[in-house]
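The structure file protein02.csv is reproduced below (CSV, C-alpha atoms).
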```
chain,number,residue,atom,x,y,z
C,5,MET,CA,-96.2,66.0,10.1
C,6,MET,CA,-99.4,65.1,12.0
C,7,TYR,CA,-97.5,65.6,15.2
C,8,HIS,CA,-96.7,69.2,14.3
C,9,GLN,CA,-100.2,69.8,13.1
C,10,ASN,CA,-101.5,68.5,16.5
C,11,ARG,CA,-99.3,71.1,18.3
C,12,LEU,CA,-100.6,73.8,16.1
C,13,ASP,CA,-104.2,72.8,16.6
C,14,LYS,CA,-103.7,72.7,20.4
C,15,GLY,CA,-102.1,76.2,20.3
C,16,ARG,CA,-98.7,75.0,21.3
C,17,ILE,CA,-96.8,77.3,18.9
C,18,GLU,CA,-93.7,77.8,21.1
C,19,LYS,CA,-93.2,74.0,21.2
C,20,LEU,CA,-93.6,73.8,17.4
C,21,VAL,CA,-91.1,76.5,16.9
C,22,ARG,CA,-88.6,74.9,19.3
C,23,SER,CA,-89.1,71.6,17.5
C,24,LEU,CA,-88.5,73.1,14.1
C,25,ARG,CA,-85.4,75.0,15.3
C,26,SER,CA,-84.0,71.8,16.8
C,27,LEU,CA,-84.1,69.9,13.5
C,28,GLU,CA,-80.6,69.0,12.2
C,29,VAL,CA,-80.7,69.3,8.5
C,30,ARG,CA,-77.8,69.0,6.2
C,31,ASP,CA,-79.4,70.5,3.0
C,32,PRO,CA,-78.8,74.3,3.2
C,33,GLU,CA,-82.0,75.1,1.2
C,34,LEU,CA,-84.2,72.9,3.4
C,35,ARG,CA,-82.5,74.3,6.5
C,36,GLU,CA,-83.3,77.9,5.3
C,37,ALA,CA,-86.9,76.9,4.5
C,38,ILE,CA,-87.3,75.5,8.0
C,39,ARG,CA,-85.8,78.6,9.5
C,40,ILE,CA,-88.2,80.8,7.6
C,41,GLU,CA,-91.2,78.7,8.6
C,42,ALA,CA,-90.1,78.7,12.3
C,43,ASN,CA,-89.8,82.5,12.2
C,44,TYR,CA,-93.3,82.8,10.6
C,45,PHE,CA,-94.9,80.7,13.4
C,46,GLU,CA,-93.0,82.6,16.1
C,47,ARG,CA,-94.0,86.0,14.6
C,48,ASN,CA,-97.6,85.0,14.2
C,49,ALA,CA,-98.1,83.0,17.4
C,50,ALA,CA,-100.8,85.4,18.7
C,51,ARG,CA,-102.9,84.7,15.6
C,52,MET,CA,-102.7,81.0,16.1
C,53,ARG,CA,-104.2,80.5,19.5
C,54,TYR,CA,-106.8,78.2,18.1
C,55,PRO,CA,-108.1,76.7,21.3
C,56,LYS,CA,-108.6,80.1,22.8
C,57,PHE,CA,-110.4,81.3,19.7
C,58,ARG,CA,-112.6,78.2,19.6
C,59,GLN,CA,-113.4,78.8,23.3
C,60,GLN,CA,-114.6,82.3,22.4
C,61,HIS,CA,-116.8,80.7,19.6
C,62,LEU,CA,-114.6,82.4,16.9
C,63,PHE,CA,-113.9,80.8,13.6
C,64,VAL,CA,-110.3,79.8,12.9
C,65,GLY,CA,-110.7,79.0,9.2
C,66,SER,CA,-111.1,81.3,6.3
C,67,GLY,CA,-114.2,79.6,4.8
C,68,VAL,CA,-116.7,81.7,6.8
C,69,ILE,CA,-115.1,84.9,5.7
C,70,GLU,CA,-114.8,83.9,2.1
C,71,ALA,CA,-118.5,82.9,2.1
C,72,GLY,CA,-119.4,86.2,3.7
C,73,CYS,CA,-117.5,88.1,1.0
C,74,LYS,CA,-119.2,86.1,-1.7
C,75,THR,CA,-122.6,86.7,-0.2
C,76,ILE,CA,-122.3,90.4,0.8
C,77,ILE,CA,-120.0,91.7,-1.9
C,78,GLY,CA,-120.1,89.4,-4.8
C,79,SER,CA,-123.9,89.0,-5.0
C,80,ARG,CA,-124.2,92.8,-5.1
C,81,THR,CA,-121.3,93.8,-7.3
C,82,LYS,CA,-121.1,90.9,-9.8
C,83,GLN,CA,-124.6,90.9,-11.3
C,84,SER,CA,-125.0,90.6,-15.0
C,85,GLY,CA,-123.9,93.7,-17.0
C,86,MET,CA,-122.5,95.6,-14.0
C,87,PHE,CA,-119.2,97.5,-14.3
C,88,TRP,CA,-117.8,99.4,-11.4
C,89,THR,CA,-115.0,101.9,-10.8
C,90,VAL,CA,-113.0,101.2,-7.7
C,91,ARG,CA,-114.6,104.3,-6.0
C,92,GLY,CA,-118.1,103.2,-6.9
C,93,ALA,CA,-117.5,99.6,-5.7
C,94,ASN,CA,-116.0,100.8,-2.4
C,95,ALA,CA,-119.0,103.0,-1.9
C,96,ILE,CA,-121.6,100.3,-2.5
C,97,ILE,CA,-119.7,97.8,-0.4
C,98,THR,CA,-119.5,100.3,2.5
C,99,LEU,CA,-123.3,100.8,2.3
C,100,ARG,CA,-124.1,97.1,2.0
C,101,CYS,CA,-121.9,96.2,5.0
C,102,SER,CA,-123.4,99.1,7.0
C,103,GLN,CA,-126.9,97.9,6.2
C,104,LEU,CA,-126.2,94.3,7.1
C,105,ASN,CA,-124.4,95.2,10.3
C,106,GLY,CA,-127.4,97.2,11.5
C,107,ARG,CA,-125.3,100.4,11.3
C,108,PHE,CA,-126.9,102.1,8.3
C,109,GLU,CA,-128.1,105.1,10.2
C,110,ASP,CA,-124.7,105.4,11.9
C,111,TYR,CA,-123.1,105.5,8.5
C,112,TRP,CA,-125.3,108.4,7.4
C,113,GLU,CA,-124.9,110.2,10.7
C,114,ALA,CA,-121.1,110.1,10.3
C,115,ARG,CA,-121.4,111.3,6.7
C,116,ARG,CA,-123.4,114.4,7.8
C,117,ALA,CA,-120.8,115.4,10.4
```
Is it possible to give me this structure as C-alpha coordinates?
Amino acid sequence: MMYHQNRLDKGRIEKLVRSLRSLEVRDPELREAIRIEANYFERNAARMRYPKFRQQHLFVGSGVIEAGCKTIIGSRTKQSGMFWTVRGANAIITLRCSQLNGRFEDYWEARRA
(Lines of atoms letter the chains of each structure in order from A and count residues from 1; the text may use other names and numbers.)
(Lines give C-alpha, C1' and ligand atoms only; values in the text may rest on other atoms or scores of the structure.)
Protein backbone atom coordinates (compact mmCIF):
# COMPACT_ATOMS: atom_id res chain seq x y z
CA MET A 1 0.00 0.00 0.00
CA MET A 2 2.75 2.49 0.89
CA TYR A 3 4.36 1.80 -2.48
CA HIS A 4 1.22 3.00 -4.26
CA GLN A 5 0.85 5.96 -1.89
CA ASN A 6 4.43 6.95 -2.75
CA ARG A 7 3.57 6.92 -6.47
CA LEU A 8 0.56 9.09 -5.83
CA ASP A 9 2.55 11.54 -3.68
CA LYS A 10 5.19 11.81 -6.41
CA GLY A 11 2.57 12.47 -9.10
CA ARG A 12 3.17 9.18 -10.90
CA ILE A 13 -0.48 8.55 -11.62
CA GLU A 14 0.04 6.68 -14.90
CA LYS A 15 2.37 4.18 -13.20
CA LEU A 16 -0.16 3.71 -10.42
CA VAL A 17 -2.93 3.04 -12.95
CA ARG A 18 -0.76 0.58 -14.90
CA SER A 19 0.13 -1.20 -11.68
CA LEU A 20 -3.51 -1.49 -10.62
CA ARG A 21 -4.56 -2.76 -14.05
CA SER A 22 -1.79 -5.37 -14.05
CA LEU A 23 -2.98 -7.00 -10.83
CA GLU A 24 -4.26 -10.51 -11.36
CA VAL A 25 -7.20 -10.96 -9.02
CA ARG A 26 -9.47 -14.00 -8.94
CA ASP A 27 -12.26 -12.53 -6.84
CA PRO A 28 -14.66 -10.83 -9.29
CA GLU A 29 -15.85 -8.25 -6.76
CA LEU A 30 -12.31 -7.24 -5.85
CA ARG A 31 -11.31 -7.18 -9.53
CA GLU A 32 -14.25 -4.83 -10.27
CA ALA A 33 -13.35 -2.59 -7.30
CA ILE A 34 -9.76 -2.31 -8.56
CA ARG A 35 -11.00 -1.51 -12.07
CA ILE A 36 -13.22 1.26 -10.71
CA GLU A 37 -10.35 2.73 -8.69
CA ALA A 38 -7.95 2.58 -11.64
CA ASN A 39 -10.53 4.39 -13.79
CA TYR A 40 -10.93 7.03 -11.07
CA PHE A 41 -7.18 7.72 -10.92
CA GLU A 42 -6.92 7.78 -14.71
CA ARG A 43 -9.86 10.20 -15.06
CA ASN A 44 -8.60 12.53 -12.31
CA ALA A 45 -4.86 12.41 -12.99
CA ALA A 46 -4.69 16.14 -13.77
CA ARG A 47 -6.02 16.89 -10.28
CA MET A 48 -3.40 14.71 -8.64
CA ARG A 49 -0.18 16.32 -9.84
CA TYR A 50 0.85 16.94 -6.23
CA PRO A 51 4.53 17.73 -6.82
CA LYS A 52 3.58 20.35 -9.44
CA PHE A 53 0.99 21.87 -7.09
CA ARG A 54 3.42 21.95 -4.17
CA GLN A 55 6.02 23.62 -6.41
CA GLN A 56 3.42 26.34 -7.10
CA HIS A 57 2.90 26.66 -3.32
CA LEU A 58 -0.65 25.32 -3.57
CA PHE A 59 -2.29 23.19 -0.92
CA VAL A 60 -3.07 19.59 -1.84
CA GLY A 61 -5.22 18.72 1.16
CA SER A 62 -8.72 19.82 2.03
CA GLY A 63 -7.90 21.09 5.54
CA VAL A 64 -7.13 24.65 4.47
CA ILE A 65 -10.37 24.91 2.49
CA GLU A 66 -12.40 23.40 5.31
CA ALA A 67 -10.88 25.82 7.81
CA GLY A 68 -11.58 28.73 5.46
CA CYS A 69 -15.21 27.71 5.09
CA LYS A 70 -15.56 27.41 8.85
CA THR A 71 -13.98 30.82 9.42
CA ILE A 72 -15.58 32.78 6.59
CA ILE A 73 -18.98 31.17 6.34
CA GLY A 74 -19.64 29.33 9.58
CA SER A 75 -18.60 32.16 11.88
CA ARG A 76 -21.02 34.54 10.14
CA THR A 77 -24.00 32.28 9.46
CA LYS A 78 -24.03 30.03 12.52
CA GLN A 79 -24.25 32.54 15.33
CA SER A 80 -26.71 32.02 18.15
CA GLY A 81 -30.35 32.48 17.14
CA MET A 82 -29.68 32.88 13.43
CA PHE A 83 -31.97 31.29 10.87
CA TRP A 84 -31.34 31.70 7.15
CA THR A 85 -33.20 31.03 3.95
CA VAL A 86 -31.00 29.60 1.21
CA ARG A 87 -31.30 32.88 -0.69
CA GLY A 88 -30.34 34.95 2.37
CA ALA A 89 -27.41 32.70 3.27
CA ASN A 90 -26.11 32.81 -0.31
CA ALA A 91 -26.36 36.61 -0.30
CA ILE A 92 -24.45 37.08 2.95
CA ILE A 93 -21.82 34.52 1.94
CA THR A 94 -21.29 36.36 -1.36
CA LEU A 95 -20.88 39.66 0.45
CA ARG A 96 -18.53 38.20 3.03
CA CYS A 97 -16.32 36.52 0.42
CA SER A 98 -16.25 39.71 -1.66
CA GLN A 99 -15.20 41.73 1.36
CA LEU A 100 -12.48 39.31 2.45
CA ASN A 101 -11.13 39.03 -1.11
CA GLY A 102 -10.81 42.79 -1.38
CA ARG A 103 -13.46 42.86 -4.11
CA PHE A 104 -16.31 44.45 -2.20
CA GLU A 105 -16.49 47.48 -4.49
CA ASP A 106 -16.29 45.24 -7.57
CA TYR A 107 -19.30 43.32 -6.27
CA TRP A 108 -21.39 46.47 -5.92
CA GLU A 109 -20.20 47.80 -9.26
CA ALA A 110 -21.36 44.57 -10.94
CA ARG A 111 -24.71 44.81 -9.16
CA ARG A 112 -25.28 48.35 -10.46
CA ALA A 113 -24.63 47.35 -14.07
### Task
Measuring atom to atom with all atoms listed in the file, identify which of C:Thr81, C:Tyr44, C:Tyr54, C:Arg30 is nearest to Leu12 in chain C.
C:Tyr54
### Task
Skip Arg16 in chain C itself and residues of its chain fewer than 4 positions away, then list as a list in words all residues within 10 Å of it, counting all atoms listed in the file.
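The contact residues come out as His8, Gln9, Asn10, Arg11, Leu12, Leu20, Val21, Ala49, Met52, Arg53, Tyr54 and Pro55 of chain C.
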### Message
Which residue is closest to Ser26 in chain C? Choose from C:Asp13, C:Gly67, C:Arg115, C:Ala42 and count all atoms listed in the file.
### Response
C:Ala42
### Message
Which residues are close to Leu104 in chain C, i.e. within 12 Å by all atoms listed in the file, leaving aside same-chain residues fewer than 6 positions away? Reply as an MDAnalysis selection string.
### Response
chainID C and resid 72 75:77 97:98 111
### Summary
Between C:Leu99, C:Leu24, C:Met86, C:Ala93, smallest distance to Ala37 in chain C by all atoms listed in the file belongs to C:Leu24
#### Entry: Straight-line distance linking CA of Phe108 in chain C with CA of Ala95 in chain C, stated in Å to one decimal
12.9 Å
### Query
Hey, which of C:Lys82, C:Asn43, C:Lys56, C:Asn105 ends up closest to Lys14 in chain C? Count only C-alpha atoms.
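For Lys14 in chain C, the nearest of the given residues is C:Lys56.
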#### Entry: From C:Ser102, C:Ser79, C:Ser23, C:Ser66, residue lying nearest Glu41 in chain C [all atoms listed in the file]
C:Ser23
#### Entry: Atomic distance CA of Gly85 in chain C - CA of Gln103 in chain C, expressed in Å with one decimal
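Taking CA of Gly85 in chain C and CA of Gln103 in chain C, their separation equals 23.8 Å.
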### Query
So how many Å separate CA of Arg35 in chain C and CA of Asn48 in chain C, to one decimal?
20.0 Å
### Task
Compare C:Ile17, C:Arg100, C:His61, C:Asn94 by their minimum atom-to-atom distance to Arg80 in chain C, counting all atoms listed in the file, and give me the closest one.
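Checking each of C:Ile17, C:Arg100, C:His61, C:Asn94 against Arg80 in chain C, counting all atoms listed in the file, the winner is C:Arg100.
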